[in-house]
Every structure is written in C-alpha cells, then in structure tokens.
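Asker: Structure: work_31.txt, compact mmCIF, C-alpha atoms and all ligand atoms.
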```txt
# COMPACT_ATOMS: atom_id res chain seq x y z
CA MET A 168 16.39 1.13 15.94
CA SER A 169 19.08 -0.88 14.15
CA ASP A 170 20.52 0.05 10.78
CA VAL A 171 19.00 -2.96 9.09
CA LEU A 172 16.92 -1.71 6.20
CA SER A 173 13.43 -1.22 7.44
CA PHE A 174 10.43 -0.06 5.50
CA GLU A 175 8.06 -0.09 8.44
CA PRO A 176 5.42 2.45 7.46
CA PRO A 177 4.61 5.32 9.79
CA LEU A 178 1.14 5.98 11.09
CA HIS A 179 -1.38 6.03 8.23
CA ALA A 180 -2.15 9.70 8.75
CA THR A 181 -5.18 10.46 6.63
CA LYS A 182 -7.59 13.34 6.97
CA HIS A 183 -10.06 11.13 8.78
CA CYS A 184 -10.39 11.39 12.54
CA ARG A 185 -7.36 9.68 14.05
CA HIS A 186 -9.62 7.26 15.92
CA TYR A 187 -11.17 5.98 12.72
CA SER A 188 -10.06 2.83 10.93
CA TYR A 189 -11.62 0.41 8.54
CA GLU A 190 -11.11 -3.28 8.94
CA PRO A 191 -11.46 -5.27 5.73
CA GLY A 192 -13.18 -8.62 5.56
CA LEU A 193 -16.58 -10.08 6.31
CA SER A 194 -16.54 -9.28 10.01
CA GLY A 195 -14.77 -5.99 9.32
CA GLY A 196 -16.14 -2.52 8.96
CA PRO A 197 -15.52 0.91 10.39
CA ARG A 198 -13.89 1.06 13.82
CA CYS A 199 -13.41 3.77 16.40
CA ALA A 200 -10.36 3.49 18.66
CA VAL A 201 -12.14 5.28 21.51
CA GLY A 202 -15.36 3.36 21.19
CA CYS A 203 -17.77 5.80 19.56
CA ALA A 204 -20.87 4.05 18.23
CA MET A 205 -20.44 3.58 14.51
CA SER A 206 -23.69 1.85 13.72
CA GLU A 207 -26.23 4.68 13.89
CA PRO A 208 -27.10 6.05 10.48
CA GLY A 209 -24.99 9.08 9.67
CA SER A 210 -22.54 8.59 12.54
CA LEU A 211 -19.69 7.76 10.14
CA GLY A 212 -19.90 11.22 8.64
CA ARG A 213 -18.26 12.61 11.78
CA CYS A 214 -15.11 10.52 11.14
CA MET A 215 -14.65 11.64 7.54
CA PRO A 216 -12.09 14.12 6.19
CA GLU A 217 -14.81 16.74 5.78
CA PRO A 218 -16.88 15.91 8.83
CA ARG A 219 -20.64 16.01 8.67
CA GLY A 220 -21.76 16.45 12.22
CA GLU A 221 -19.69 16.90 15.32
CA CYS A 222 -18.00 14.27 17.42
CA PRO A 223 -16.75 15.47 20.82
CA LYS A 224 -13.92 12.93 20.69
CA ARG A 225 -12.67 13.76 17.21
CA GLU A 226 -8.91 14.31 16.95
CA GLU A 227 -6.86 15.09 13.87
CA TYR A 228 -3.51 13.67 12.85
CA THR A 229 -0.78 16.25 13.24
CA ALA A 230 0.79 17.99 10.25
CA ASP A 231 4.05 16.13 11.00
CA GLU A 232 2.29 12.78 10.99
CA ARG A 233 0.63 13.60 7.70
CA ALA A 234 3.93 14.75 6.21
CA ALA A 235 5.70 11.55 7.34
CA TRP A 236 2.93 9.47 5.80
CA LYS A 237 3.17 11.37 2.52
CA VAL A 238 6.96 10.89 2.35
CA ALA A 239 6.68 7.19 3.18
CA ARG A 240 3.97 6.75 0.56
CA ALA A 241 6.05 8.42 -2.16
CA ALA A 242 9.07 6.28 -1.19
CA SER A 243 6.92 3.19 -1.37
CA MET A 244 5.68 4.08 -4.87
CA ALA A 245 9.26 4.74 -5.97
CA ARG A 246 10.34 1.31 -4.67
CA LEU A 247 7.53 -0.31 -6.60
CA ALA A 248 8.55 1.52 -9.80
CA ASN A 249 12.18 0.42 -9.27
CA ALA A 250 11.06 -3.14 -8.79
CA VAL A 251 9.04 -3.18 -12.01
CA GLN A 252 12.02 -1.65 -13.87
CA ALA A 253 14.27 -4.44 -12.62
CA LEU A 254 12.05 -7.29 -13.80
CA PRO A 255 12.94 -9.35 -16.86
CA ARG A 256 10.88 -8.20 -19.80
CA ALA A 257 8.66 -9.49 -20.76
CA ILE A 258 7.99 -12.20 -18.20
CA PRO A 259 6.78 -15.33 -20.04
CA LEU A 260 3.21 -16.38 -19.20
CA ASN A 261 2.76 -18.92 -16.42
CA THR A 262 6.21 -18.55 -15.01
CA SER A 263 7.59 -17.25 -11.79
CA GLY A 264 11.03 -16.33 -10.62
CA GLU A 265 13.15 -14.28 -8.32
CA ILE A 266 15.74 -11.55 -8.69
CA ASP A 267 17.68 -9.41 -6.23
CA CYS A 268 15.46 -6.60 -5.09
CA PRO A 269 16.76 -3.28 -6.45
CA ASN A 270 15.63 -1.53 -3.26
CA CYS A 271 17.07 -3.65 -0.50
CA SER A 272 19.00 -6.80 0.28
CA GLY A 273 15.89 -8.95 -0.15
CA LYS A 274 14.66 -11.06 -3.03
CA LEU A 275 12.02 -9.84 -5.41
CA ARG A 276 9.69 -12.67 -6.37
CA TYR A 277 7.44 -12.45 -9.37
CA ALA A 278 4.80 -14.49 -11.09
CA ARG A 279 2.98 -13.96 -14.34
CA TRP A 280 -0.18 -15.57 -15.62
CA HIS A 281 -2.82 -14.84 -18.21
CA ARG A 282 -4.17 -11.37 -17.43
CA GLY A 283 -2.18 -10.87 -14.27
CA ALA A 284 1.09 -10.66 -12.45
CA GLU A 285 2.28 -10.29 -8.91
CA ILE A 286 5.53 -9.10 -7.43
CA ALA A 287 6.62 -9.14 -3.83
CA CYS A 288 9.85 -8.43 -2.03
CA THR A 289 10.82 -10.73 0.82
CA THR A 290 11.59 -7.70 3.02
CA PRO A 291 8.47 -6.66 4.93
CA HIS A 292 6.86 -3.45 3.58
CA CYS A 293 9.51 -3.04 0.84
CA CYS A 294 7.31 -3.46 -2.19
CA GLY A 295 4.72 -5.68 -3.70
CA ALA A 296 1.71 -5.43 -5.94
CA HIS A 297 -0.83 -7.26 -8.01
CA PHE A 298 -1.28 -6.19 -11.62
CA ASN A 299 -4.19 -6.78 -13.94
CA ILE A 300 -2.92 -7.11 -17.48
CA ALA A 301 -4.90 -7.20 -20.69
CA GLY A 302 -4.80 -10.48 -22.62
CA GLY A 303 -2.06 -10.78 -25.24
CA VAL A 304 0.04 -7.97 -23.80
CA ASP A 305 3.71 -8.31 -22.82
CA TRP A 306 4.43 -7.35 -19.23
CA PRO A 307 6.44 -5.47 -18.28
CA SER A 308 6.39 -4.03 -21.77
CA ARG A 309 9.78 -3.79 -23.46
CA GLY A 310 9.20 -0.11 -24.13
CA GLU A 311 9.15 0.64 -20.41
CA ALA A 312 12.86 -0.13 -20.00
CA LYS A 313 14.95 2.93 -19.32
ZN ZN A 401 13.08 -5.08 -1.38
```
Kindly present the structure from the file in structure tokens form.

Answerer:
Amino acid sequence: MSDVLSFEPPLHATKHCRHYSYEPGLSGGPRCAVGCAMSEPGSLGRCMPEPRGECPKREEYTADERAAWKVARAASMARLANAVQALPRAIPLNTSGEIDCPNCSGKLRYARWHRGAEIACTTPHCCGAHFNIAGGVDWPSRGEAK
C-alpha cells in the first residue's frame, strides 16, 4: 500500500451469508459465490441475515470484517457530509461546477437542476451522491452552513 489517499472500501460485510451478493441490472439478481442454486422458491431465505432454512455451505462474515465495514461506512457518510458543507450555497439551477474536495486532493464536481443535484469527487470511492430536491427549494440550503 502507498500513502496516496485511498478510500477503497473493505469487504461489504453484511449479515447475509458471505457467499451471497446481488447484482443489479436486467440480467442481474441474487448470486452465490460457491454456486448454490438460487432459483428454487424459498432458497434465498437461507442467504438472509436471519436465515430461513439451512444451507450447508453458509458462512458468516467475521466480527472484524463487519467492524471494518461499519467504520468505512461511517467515514464515507462523514465525507459526504463534508462535501455538502463545502458546496456553494445555494447552487443556482442548471449549473455545474467544481471545487477542491474537502476530503482529499481531488476535485468535487457538482451539478444542480430542477428537482435534483449530483456531486462526485474525482477520487475513486471518496464521495458522491444523487439528491432529489423539492421544486423551488434552495440547495444546499443556506441554513445548513456551519
Ligand atoms: Zn474527495
């Protein structure tokens, strides 16, 4: 590992079986890393945090993995909050721009349109989000500034 800022997330350690994942998209769906059949009715229940039924291959994430995930998740939420704090307020509708990211040496890009906004840092996994915003509302609101 180098000392370049990296926000590479750790293993997504949920309370599901560690072989379980869900792939988004049309051809996506639930997946099992060790090839359990996922298509029979009720089979998914064995992968869930509170398993219904028993799978002989089920394995849990370790407490350390879950703790690392929790820490990384909290850090990620904090970076997002920092980023929103650093934005100009309010961002005029139908504009976009870029500021120095308050979390890293990257650039924080933002865009604002009617009923929405998006921010994204150029550093992978630093921060980014889509926001739905009610019509006629300033965003970020001036009151949110610290
Ligand atoms: Zn950043």

Asker: Counting all atoms listed in the file, note down every residue that has an atom within 8 Å of the point (-1.0, -7.7, -12.1) (file coordinates), as a PyMOL selection string.

Answerer: chain A and resi 279+282-285+296-300

Asker: For chain A against ligand ZN 401 (chain A), with a cut-off of 10 Å and counting all atoms listed in the file, what is the closest atom pair and its distance in Å to one decimal for every residue that makes the cut, ordered by chain and number, as CSV?

Answerer:
```
residue,atom,partner,partner_atom,distance
A:Leu172,CA,A:ZN401,ZN,9.1
A:Ser173,CA,A:ZN401,ZN,9.6
A:Phe174,CA,A:ZN401,ZN,8.9
A:Arg246,CA,A:ZN401,ZN,7.7
A:Leu247,CA,A:ZN401,ZN,9.0
A:Asn249,CA,A:ZN401,ZN,9.7
A:Ala250,CA,A:ZN401,ZN,7.9
A:Asp267,CA,A:ZN401,ZN,8.0
A:Cys268,CA,A:ZN401,ZN,4.7
A:Pro269,CA,A:ZN401,ZN,6.5
A:Asn270,CA,A:ZN401,ZN,4.8
A:Cys271,CA,A:ZN401,ZN,4.3
A:Ser272,CA,A:ZN401,ZN,6.4
A:Gly273,CA,A:ZN401,ZN,4.9
A:Lys274,CA,A:ZN401,ZN,6.4
A:Leu275,CA,A:ZN401,ZN,6.3
A:Arg276,CA,A:ZN401,ZN,9.7
A:Ala287,CA,A:ZN401,ZN,8.0
A:Cys288,CA,A:ZN401,ZN,4.7
A:Thr289,CA,A:ZN401,ZN,6.5
A:Thr290,CA,A:ZN401,ZN,5.3
A:Pro291,CA,A:ZN401,ZN,8.0
A:His292,CA,A:ZN401,ZN,8.1
A:Cys293,CA,A:ZN401,ZN,4.7
A:Cys294,CA,A:ZN401,ZN,6.0
A:Gly295,CA,A:ZN401,ZN,8.7
```

Asker: Please report the interatomic distance between atom CA of Arg198 of chain A and atom CA of Ser243 of chain A in Å with one decimal.

Answerer: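 Between these atoms lies a distance of 25.9 Å.
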
Asker: Have a look at A:Glu226, A:Cys184, A:Glu232, A:Leu254 and name the one nearest to Gly212 of chain A; count all atoms listed in the file.

Answerer: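 Checking each of A:Glu226, A:Cys184, A:Glu232, A:Leu254 against Gly212 of chain A, counting all atoms listed in the file, the winner is A:Cys184.
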
Asker: If you measure from atom CA of Ser210 of chain A to atom CA of Thr229 of chain A, what distance in Å do you get, rounded to one decimal?

Answerer: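 Here the two named atoms are 23.1 Å from each other.
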